[in-house]
file start.txt (compact mmCIF, C-alpha atoms)
# COMPACT_ATOMS: atom_id res chain seq x y z
CA GLU W 1 132.15 103.45 78.78
CA ILE W 2 131.22 102.44 82.33
CA THR W 3 128.50 104.62 83.86
CA ALA W 4 127.43 104.80 87.50
CA PHE W 5 124.31 102.84 86.66
CA SER W 6 126.08 100.06 84.75
CA SER W 7 128.63 99.65 87.54
CA ALA W 8 125.85 99.34 90.12
CA GLU W 9 124.00 96.93 87.88
CA SER W 10 127.05 94.70 87.48
CA PHE W 11 127.62 94.66 91.23
CA LEU W 12 124.01 93.79 92.00
CA PHE W 13 123.86 90.96 89.49
CA ARG W 14 127.11 89.46 90.75
CA TYR W 15 126.08 89.48 94.40
CA ALA W 16 122.58 88.19 93.77
CA GLU W 17 123.72 84.81 92.42
CA ASP W 18 124.01 81.81 94.70
CA LYS W 19 123.13 78.31 93.51
CA ASN W 20 122.91 76.90 97.04
CA TRP W 21 120.22 79.35 98.12
CA ASP W 22 116.61 78.26 98.72
CA ILE W 23 114.15 81.11 99.21
CA SER W 24 111.22 78.82 100.00
CA LYS W 25 112.36 78.37 103.61
CA TYR W 26 111.80 82.10 104.18
CA LEU W 27 108.32 82.35 102.69
CA LYS W 28 105.42 81.70 105.06
CA LYS W 29 101.72 82.45 104.61
CA LYS W 30 100.63 83.50 108.09
CA ASN W 31 97.04 84.61 107.50
CA HIS W 32 94.66 82.18 105.81
CA SER W 33 91.65 84.50 105.96
CA VAL W 34 92.93 86.90 103.29
CA PRO W 35 90.48 86.80 100.34
CA ASP W 36 91.48 86.59 96.69
CA GLU W 37 92.75 89.72 94.97
CA PRO W 38 93.37 91.92 98.00
CA ILE W 39 94.82 95.40 97.62
CA TRP W 40 97.83 95.99 99.88
CA VAL W 41 98.74 99.49 101.05
CA MET W 42 101.30 100.33 103.72
CA TRP W 43 102.22 103.34 105.79
CA TYR W 44 104.73 101.89 108.22
CA GLN W 45 104.29 104.57 110.88
CA GLY W 46 100.53 103.96 111.05
CA PHE W 47 97.66 105.46 109.09
CA SER W 48 96.64 107.81 111.92
CA ASN W 49 100.14 109.36 111.80
CA ALA W 50 100.21 109.73 108.02
CA PRO W 51 100.34 113.09 106.21
CA GLU W 52 97.07 114.40 104.81
CA ILE W 53 98.02 113.48 101.26
CA VAL W 54 98.63 109.87 102.29
CA ARG W 55 95.30 109.59 104.11
CA CYS W 56 93.63 111.08 101.05
CA CYS W 57 95.24 108.55 98.70
CA VAL W 58 94.38 105.57 100.88
CA ARG W 59 90.76 106.70 101.16
CA SER W 60 90.59 107.00 97.37
CA ILE W 61 91.70 103.38 97.00
CA GLU W 62 89.18 102.18 99.57
CA LEU W 63 86.26 104.17 98.12
CA ASN W 64 86.83 103.12 94.52
CA ASN W 65 87.45 99.40 94.99
CA THR W 66 84.60 97.93 97.02
CA LYS W 67 84.97 94.57 95.23
CA HIS W 68 88.40 94.10 96.79
CA LYS W 69 89.53 93.97 100.39
CA VAL W 70 91.91 96.87 100.97
CA ILE W 71 94.40 95.91 103.67
CA VAL W 72 96.23 98.87 105.20
CA LEU W 73 99.48 97.77 106.78
CA SER W 74 101.70 99.34 109.41
CA GLU W 75 104.44 98.32 111.79
CA LYS W 76 101.76 97.05 114.19
CA ASN W 77 99.96 94.57 111.91
CA LEU W 78 102.54 93.61 109.27
CA SER W 79 103.55 90.50 111.24
CA ASP W 80 99.95 89.27 110.98
CA TYR W 81 100.60 88.55 107.31
CA ILE W 82 104.29 87.84 106.73
CA GLU W 83 107.42 86.96 108.64
CA MET W 84 110.57 88.49 107.24
CA PRO W 85 113.86 86.56 107.58
CA GLU W 86 115.67 87.42 110.79
CA PHE W 87 118.73 88.75 108.94
CA ILE W 88 116.46 91.23 107.12
CA ASN W 89 114.74 92.37 110.31
CA GLU W 90 118.06 92.78 112.13
CA LYS W 91 119.56 94.97 109.42
CA PHE W 92 116.32 96.96 109.23
CA LYS W 93 116.33 97.58 112.99
CA LYS W 94 119.95 98.75 112.80
CA GLY W 95 119.06 101.18 110.02
CA TRP W 96 121.20 99.44 107.43
CA ILE W 97 118.12 98.63 105.37
CA SER W 98 116.01 101.74 104.82
CA ARG W 99 112.26 101.81 105.23
CA GLN W 100 111.93 102.11 101.45
CA HIS W 101 114.08 99.06 100.70
CA TYR W 102 112.28 97.12 103.43
CA ALA W 103 108.95 98.03 101.83
CA ASP W 104 110.28 96.79 98.48
CA MET W 105 110.65 93.33 99.98
CA VAL W 106 107.34 93.52 101.85
CA ARG W 107 105.36 94.09 98.64
CA LEU W 108 107.02 91.24 96.81
CA TYR W 109 106.54 88.87 99.75
CA LEU W 110 102.83 89.75 100.04
CA LEU W 111 102.18 89.45 96.32
CA TYR W 112 103.93 86.10 96.11
CA VAL W 113 102.12 84.40 99.01
CA TYR W 114 98.71 86.12 98.69
CA GLY W 115 98.53 87.75 95.25
CA GLY W 116 96.49 90.85 94.50
CA ALA W 117 97.78 94.39 94.17
CA TRP W 118 100.34 96.56 95.88
CA ILE W 119 99.64 100.28 95.64
CA ASP W 120 101.90 102.80 97.34
CA ALA W 121 100.20 104.97 99.94
CA THR W 122 100.98 108.04 97.83
CA VAL W 123 99.02 106.84 94.78
CA LEU W 124 95.68 108.53 94.15
CA ASN W 125 93.02 106.25 92.64
CA THR W 126 90.36 108.21 90.73
CA LYS W 127 88.00 105.40 89.72
CA GLU W 128 87.56 101.64 90.11
CA ILE W 129 90.60 99.64 89.04
CA GLN W 130 89.77 97.51 86.01
CA ASP W 131 89.44 93.73 86.34
CA GLU W 132 92.13 93.39 83.67
CA TYR W 133 94.77 94.52 86.16
CA PHE W 134 94.00 91.55 88.40
CA GLU W 135 93.42 88.98 85.63
CA LYS W 136 96.96 88.98 84.25
CA SER W 137 99.60 86.96 86.07
CA PHE W 138 101.63 90.17 86.32
CA TYR W 139 100.56 93.75 85.73
CA SER W 140 101.95 97.18 86.44
CA ILE W 141 101.65 100.79 85.37
CA LYS W 142 103.32 101.07 81.96
CA PHE W 143 103.44 104.73 81.04
CA GLY W 144 105.86 104.15 78.19
CA LYS W 145 108.26 107.07 78.58
CA ARG W 146 111.98 106.37 78.77
CA THR W 147 113.48 107.26 82.15
CA LYS W 148 116.93 107.27 83.72
CA ASP W 149 115.93 104.17 85.71
CA PRO W 150 116.19 100.68 84.17
CA SER W 151 112.41 100.28 84.04
CA HIS W 152 112.19 102.90 81.26
CA GLY W 153 108.46 103.21 81.80
CA ARG W 154 107.81 99.49 81.31
CA TRP W 155 106.75 98.96 84.94
CA THR W 156 106.58 100.85 88.21
CA THR W 157 107.48 99.32 91.55
CA PHE W 158 105.00 101.58 93.36
CA CYS W 159 102.05 99.84 91.72
CA LEU W 160 102.19 96.10 91.09
CA PHE W 161 99.59 93.40 90.47
CA ALA W 162 100.36 89.68 90.50
CA HIS W 163 98.81 86.28 90.91
CA LYS W 164 99.75 84.31 93.98
CA GLY W 165 102.86 82.24 93.29
CA ASN W 166 104.08 84.40 90.40
CA GLU W 167 107.65 83.33 89.69
CA LEU W 168 108.87 86.72 88.49
CA VAL W 169 107.76 88.17 91.83
CA ARG W 170 109.41 85.31 93.73
CA ASP W 171 112.71 85.58 91.88
CA THR W 172 112.82 89.36 92.31
CA LEU W 173 112.33 88.90 96.06
CA ASP W 174 114.97 86.18 95.95
CA LYS W 175 117.50 88.66 94.58
CA HIS W 176 116.65 91.16 97.33
CA PHE W 177 117.14 88.56 100.06
CA LYS W 178 120.41 87.31 98.60
CA TYR W 179 121.76 90.81 98.30
CA TRP W 180 120.93 91.81 101.88
CA TYR W 181 122.16 88.51 103.26
CA LYS W 182 125.66 89.43 102.06
CA ASN W 183 125.56 93.23 102.25
CA SER W 184 124.62 95.93 104.73
CA ILE W 185 124.39 99.01 102.50
CA PRO W 186 122.41 99.58 99.29
CA ILE W 187 124.43 99.98 96.14
CA ASP W 188 121.63 101.93 94.46
CA TYR W 189 118.24 103.37 95.47
CA VAL W 190 116.52 101.63 92.52
CA MET W 191 117.97 98.17 93.16
CA PHE W 192 114.44 96.83 92.71
CA ASP W 193 114.36 97.92 89.07
CA TYR W 194 117.81 96.48 88.39
CA PHE W 195 116.77 93.12 89.77
CA ILE W 196 113.69 92.97 87.55
CA SER W 197 115.74 94.08 84.55
CA SER W 198 118.31 91.32 85.11
CA LEU W 199 115.58 88.67 85.30
CA LEU W 200 113.98 89.86 82.08
CA GLU W 201 117.30 89.56 80.27
CA LYS W 202 117.74 85.95 81.34
CA ASN W 203 114.18 84.63 81.20
CA LYS W 204 112.01 85.02 78.10
CA ALA W 205 108.85 84.03 79.98
CA TYR W 206 109.40 86.86 82.47
CA ALA W 207 110.10 89.31 79.67
CA LEU W 208 106.85 88.25 78.01
CA GLN W 209 104.91 89.05 81.18
CA ILE W 210 106.15 92.64 80.94
CA GLU W 211 105.71 92.89 77.18
CA SER W 212 102.11 91.62 77.34
CA VAL W 213 101.03 94.57 79.46
CA ASP W 214 99.55 97.31 77.28
CA LYS W 215 100.53 100.92 77.82
CA ASN W 216 98.37 102.33 80.61
CA ASN W 217 98.06 105.25 83.03
CA CYS W 218 100.26 107.39 80.79
CA ASN W 219 99.57 110.53 82.85
CA VAL W 220 100.55 108.93 86.15
CA PHE W 221 102.96 111.77 87.04
CA ASP W 222 100.92 114.72 85.76
CA LEU W 223 98.67 115.55 88.71
CA VAL W 224 101.47 115.92 91.26
CA GLN W 225 102.83 118.81 89.19
CA ARG W 226 99.50 120.65 89.36
CA LEU W 227 98.40 120.24 92.97
CA ASN W 228 99.32 123.83 93.86
CA GLU W 229 97.42 125.31 90.91
CA LYS W 230 94.07 127.03 91.37
CA PHE W 231 91.12 124.63 91.36
CA VAL W 232 88.74 125.41 88.48
CA ASP W 233 85.53 123.35 88.30
CA GLU W 234 87.23 119.92 88.32
CA LEU W 235 90.56 118.25 88.98
CA PRO W 236 92.99 118.06 86.02
CA ILE W 237 92.73 114.31 85.56
CA LYS W 238 92.36 112.21 82.42
CA ASP W 239 89.78 109.47 81.92
CA GLU W 240 92.36 106.95 80.71
CA THR W 241 94.49 107.36 83.83
CA VAL W 242 93.08 105.97 87.09
CA LEU W 243 96.25 105.94 89.19
CA TYR W 244 98.30 109.07 89.90
CA LYS W 245 101.60 109.05 91.79
CA LEU W 246 101.71 111.89 94.30
CA SER W 247 104.30 112.72 96.97
CA TRP W 248 104.21 113.54 100.66
CA LYS W 249 107.62 115.19 100.46
CA ARG W 250 106.59 118.22 98.42
CA ILE W 251 105.32 121.48 99.90
CA ILE W 252 101.66 121.47 98.94
CA LYS W 253 99.13 124.18 99.73
CA THR W 254 95.37 123.98 100.16
CA HIS W 255 94.86 127.65 99.26
CA LEU W 256 96.65 130.32 97.27
CA GLU W 257 97.56 133.74 98.66
CA ASP W 258 94.32 135.23 97.30
CA GLY W 259 92.35 132.63 99.27
CA SER W 260 91.31 130.55 96.27
CA GLU W 261 91.35 126.79 96.64
CA THR W 262 94.12 124.75 95.04
CA ASN W 263 93.70 121.39 93.35
CA PHE W 264 95.14 119.81 96.48
CA GLY W 265 92.64 121.65 98.67
CA ALA W 266 89.80 120.46 96.46
CA LEU W 267 91.12 116.92 96.56
CA LEU W 268 91.19 116.90 100.35
CA ARG W 269 87.66 118.26 100.43
CA MET W 270 86.42 115.58 98.03
CA MET W 271 88.11 112.78 99.93
CA SER W 272 87.16 113.92 103.43
CA PRO W 273 85.35 111.20 105.45
call {"tool": "encode", "arguments": {"input": "start.txt", "output": "structure tokens"}}
result
Amino acid sequence: EITAFSSAESFLFRYAEDKNWDISKYLKKKNHSVPDEPIWVMWYQGFSNAPEIVRCCVRSIELNNTKHKVIVLSEKNLSDYIEMPEFINEKFKKGWISRQHYADMVRLYLLYVYGGAWIDATVLNTKEIQDEYFEKSFYSIKFGKRTKDPSHGRWTTFCLFAHKGNELVRDTLDKHFKYWYKNSIPIDYVMFDYFISSLLEKNKAYALQIESVDKNNCNVFDLVQRLNEKFVDELPIKDETVLYKLSWKRIIKTHLEDGSETNFGALLRMMSP
């Protein structure tokens, strides 16, 4: 039986193969002052224009990780670090490549040429990120619950750690570039996950990088469900989870109708400058 996902997967794999392609000509390290193990965060429209929940998340990353340089990217400073291929930029400007799919390529590009961590601007960081995350050649949140997406909880594209020059990162970016070189519309929103999945099937070393990551941050999606609940003494977070995926798209309140503070209201208060 052919499902929507398997059809998309087949299409993506077919159009991402090209033996005459050389990605190295597109990869340039533009900033030689970036220290080891930076943390990359991006809000393309600019941090000052970001929703409150985004500013809160970014502050949490900065406050909890003083050992690492947190680099907040936007449209204005992205070109200080990388130079996307012209065919990517042109399709992005025309709206054929969405901001999300553009950001998918940005994170892979940055991790390949500089290394470090990519954390989405809607991820709340509740305590210092362990050294282990940076020590492995590849690391990601692995919450271990089967999903409808091809990652099935084995990795998350919104939080990635990698050493500079990681080949799994490079080859995943390679598939993105090849796809967009030949196409002007996305075949699936989670193309990123399909590309990783295809590489794992073909390369045992890449599969081992994923398998070697222990289950972690199992409650990554719990807090977002409870932001509108009444705040009682402390936030509903778990010690073993340090990264929580939130969302700027949900309607979130700081106070309930009776005037009591919500978990989101308390979070904003705690993270206020």
call {"tool": "closest_residue", "arguments": {"input": "start.txt", "among": "W:His163, W:Lys249, W:Arg154, W:Lys148", "to": "Tyr133 in chain W", "atoms": "only C-alpha atoms"}}
result
W:His163
call {"tool": "atom_distance", "arguments": {"input": "start.txt", "atom1": "CA of Trp248 in chain W", "atom2": "CA of Ile53 in chain W"}}
result
6.2 Å
call {"tool": "closest_residue", "arguments": {"input": "start.txt", "among": "W:Ala162, W:Cys218, W:His176, W:Phe47", "to": "Arg146 in chain W", "atoms": "all atoms listed in the file"}}
result
W:Cys218
call {"tool": "atom_distance", "arguments": {"input": "start.txt", "atom1": "CA of Ile82 in chain W", "atom2": "CA of Tyr179 in chain W"}}
result
19.6 Å
call {"tool": "atom_distance", "arguments": {"input": "start.txt", "atom1": "CA of Leu111 in chain W", "atom2": "CA of Glu83 in chain W"}}
result
13.6 Å
